[in-house]
Amino acid sequence: MSEHDDNPYHLPLPSAQPLIASFGAALMLVGLVPDSRLWRMTTISMGAIILTIGVWLWVSDAVEEYRDLPDE
C-alpha cells in the first residue's frame, strides 16, 4: 500500500466518452458552416446523435462507477 491509498477523494477512471461527446458538439458546429441546407441539417443531426450517445455513455459509466464505490 502506498501513502496515497488513504485519499478520501475519488477520481473517475479515464474514458473516451468526453472525446465522443466533444466530437459530436464540434460536428454540430461544423454543420453551421456549409451553404447547402441538406448538408447543414445532416451534419447537425449527426452531431446531435453522436453528442447524445456520448453523453449517455458518459453518464451511465459515471453512475455505474458511483454505485460500485464502497459505502463508508
# chains A, B, ... in the order shown; residues from 1 in each chain; ligands from 1
$ select_by_dssp --residues "chain A" --states "alpha helix (DSSP H)" --output "JSON, numbers by chain"
{"A": [17, 18, 19, 20, 21, 22, 23, 24, 25, 26, 27, 28, 29, 30, 37, 38, 39, 40, 41, 42, 43, 44, 45, 46, 47, 48, 49, 50, 51, 52, 53, 54, 55, 56, 57, 58, 59, 60, 61, 62, 63, 64, 65, 66, 67]}
$ residues_around --residues "Leu29 in chain A" --least-positions-apart "6" --cutoff "12 Å" --atoms "only C-alpha atoms" --output "PDB file with C-alpha atoms, in the first residue's frame"
ATOM      1  CA  SER A  22     -16.917  16.778 -27.897  1.00  0.00           C
ATOM      2  CA  PHE A  23     -16.650  15.336 -31.419  1.00  0.00           C
ATOM      3  CA  ARG A  40     -26.276  21.500 -42.914  1.00  0.00           C
ATOM      4  CA  MET A  41     -29.222  19.566 -41.475  1.00  0.00           C
ATOM      5  CA  THR A  43     -24.296  17.355 -40.272  1.00  0.00           C
ATOM      6  CA  ILE A  44     -26.104  18.982 -37.354  1.00  0.00           C
ATOM      7  CA  SER A  45     -28.322  15.908 -36.909  1.00  0.00           C
ATOM      8  CA  MET A  46     -25.379  13.514 -36.958  1.00  0.00           C
ATOM      9  CA  GLY A  47     -23.537  15.712 -34.465  1.00  0.00           C
ATOM     10  CA  ALA A  48     -26.572  15.778 -32.177  1.00  0.00           C
ATOM     11  CA  LEU A  51     -23.302  14.043 -28.775  1.00  0.00           C
TER      12      LEU A  51
END
$ closest_residue --among "A:Ile50, A:Trp56, A:Tyr9, A:Pro14" --to "Ala26 in chain A" --atoms "only C-alpha atoms"
A:Ile50
$ closest_residue --among "A:Leu13, A:Leu27, A:Val33, A:Leu19" --to "Ile49 in chain A" --atoms "only C-alpha atoms"
A:Leu27
$ atom_distance --atom1 "CA of Gly54 in chain A" --atom2 "CA of Trp39 in chain A"
22.2 Å
$ atom_distance --atom1 "CA of Arg67 in chain A" --atom2 "CA of Ala25 in chain A"
28.4 Å
$ residues_around --residues "Leu57 in chain A" --least-positions-apart "3" --cutoff "12 Å" --atoms "only C-alpha atoms" --output "ChimeraX atom specification"
/A:15-21,50-54,60-64
$ atom_distance --atom1 "CA of Leu38 in chain A" --atom2 "CA of Gly24 in chain A"
18.0 Å
$ decode --residues "chain A" --atoms "C-alpha atoms" --output "mmCIF file, in the first residue's frame"
data_model
loop_
_atom_site.group_PDB
_atom_site.id
_atom_site.type_symbol
_atom_site.label_atom_id
_atom_site.label_comp_id
_atom_site.auth_asym_id
_atom_site.auth_seq_id
_atom_site.Cartn_x
_atom_site.Cartn_y
_atom_site.Cartn_z
ATOM 1 C CA MET A 1 0.000 0.000 0.000
ATOM 2 C CA SER A 2 1.205 3.453 -0.772
ATOM 3 C CA GLU A 3 0.602 6.578 1.210
ATOM 4 C CA HIS A 4 -1.930 7.780 -1.392
ATOM 5 C CA ASP A 5 -4.379 4.908 -0.821
ATOM 6 C CA ASP A 6 -5.907 6.717 2.152
ATOM 7 C CA ASN A 7 -7.015 9.650 -0.003
ATOM 8 C CA PRO A 8 -10.720 10.366 0.710
ATOM 9 C CA TYR A 9 -11.318 11.745 -2.805
ATOM 10 C CA HIS A 10 -12.495 9.574 -5.667
ATOM 11 C CA LEU A 11 -11.201 10.284 -9.164
ATOM 12 C CA PRO A 12 -13.038 8.730 -12.119
ATOM 13 C CA LEU A 13 -11.234 6.394 -14.459
ATOM 14 C CA PRO A 14 -10.142 7.774 -17.843
ATOM 15 C CA SER A 15 -12.622 7.182 -20.652
ATOM 16 C CA ALA A 16 -13.256 8.030 -24.290
ATOM 17 C CA GLN A 17 -16.782 9.338 -23.724
ATOM 18 C CA PRO A 18 -15.751 13.006 -23.317
ATOM 19 C CA LEU A 19 -13.950 12.799 -26.664
ATOM 20 C CA ILE A 20 -17.015 11.269 -28.338
ATOM 21 C CA ALA A 21 -19.276 13.971 -26.880
ATOM 22 C CA SER A 22 -16.917 16.778 -27.897
ATOM 23 C CA PHE A 23 -16.650 15.336 -31.419
ATOM 24 C CA GLY A 24 -20.449 15.411 -31.673
ATOM 25 C CA ALA A 25 -20.567 19.012 -30.454
ATOM 26 C CA ALA A 26 -17.838 20.012 -32.919
ATOM 27 C CA LEU A 27 -19.709 18.286 -35.746
ATOM 28 C CA MET A 28 -22.835 20.255 -34.859
ATOM 29 C CA LEU A 29 -20.844 23.500 -35.059
ATOM 30 C CA VAL A 30 -19.291 22.469 -38.378
ATOM 31 C CA GLY A 31 -22.832 21.932 -39.652
ATOM 32 C CA LEU A 32 -23.445 25.660 -39.355
ATOM 33 C CA VAL A 33 -20.784 26.441 -41.970
ATOM 34 C CA PRO A 34 -21.994 24.797 -45.246
ATOM 35 C CA ASP A 35 -24.251 26.659 -47.639
ATOM 36 C CA SER A 36 -26.346 23.652 -48.641
ATOM 37 C CA ARG A 37 -29.410 23.225 -46.422
ATOM 38 C CA LEU A 38 -29.463 19.412 -46.777
ATOM 39 C CA TRP A 39 -25.768 19.120 -45.850
ATOM 40 C CA ARG A 40 -26.276 21.500 -42.914
ATOM 41 C CA MET A 41 -29.222 19.566 -41.475
ATOM 42 C CA THR A 42 -27.487 16.209 -41.980
ATOM 43 C CA THR A 43 -24.296 17.355 -40.272
ATOM 44 C CA ILE A 44 -26.104 18.982 -37.354
ATOM 45 C CA SER A 45 -28.322 15.908 -36.909
ATOM 46 C CA MET A 46 -25.379 13.514 -36.958
ATOM 47 C CA GLY A 47 -23.537 15.712 -34.465
ATOM 48 C CA ALA A 48 -26.572 15.778 -32.177
ATOM 49 C CA ILE A 49 -26.876 11.974 -32.325
ATOM 50 C CA ILE A 50 -23.170 11.463 -31.575
ATOM 51 C CA LEU A 51 -23.302 14.043 -28.775
ATOM 52 C CA THR A 52 -26.362 12.383 -27.229
ATOM 53 C CA ILE A 53 -24.782 8.918 -27.380
ATOM 54 C CA GLY A 54 -21.501 10.203 -25.938
ATOM 55 C CA VAL A 55 -23.196 11.979 -23.039
ATOM 56 C CA TRP A 56 -25.463 8.968 -22.396
ATOM 57 C CA LEU A 57 -22.480 6.594 -22.221
ATOM 58 C CA TRP A 58 -20.507 9.047 -20.091
ATOM 59 C CA VAL A 59 -23.308 9.481 -17.546
ATOM 60 C CA SER A 60 -24.117 5.759 -17.427
ATOM 61 C CA ASP A 61 -20.449 4.930 -16.786
ATOM 62 C CA ALA A 62 -20.295 7.549 -14.038
ATOM 63 C CA VAL A 63 -23.446 6.195 -12.367
ATOM 64 C CA GLU A 64 -22.156 2.622 -12.580
ATOM 65 C CA GLU A 65 -18.807 3.656 -11.122
ATOM 66 C CA TYR A 66 -20.572 5.590 -8.344
ATOM 67 C CA ARG A 67 -22.658 2.529 -7.451
ATOM 68 C CA ASP A 68 -19.500 0.402 -7.235
ATOM 69 C CA LEU A 69 -17.907 2.701 -4.627
ATOM 70 C CA PRO A 70 -17.640 1.190 -1.168
ATOM 71 C CA ASP A 71 -20.037 2.579 1.413
ATOM 72 C CA GLU A 72 -18.393 4.461 4.225
#
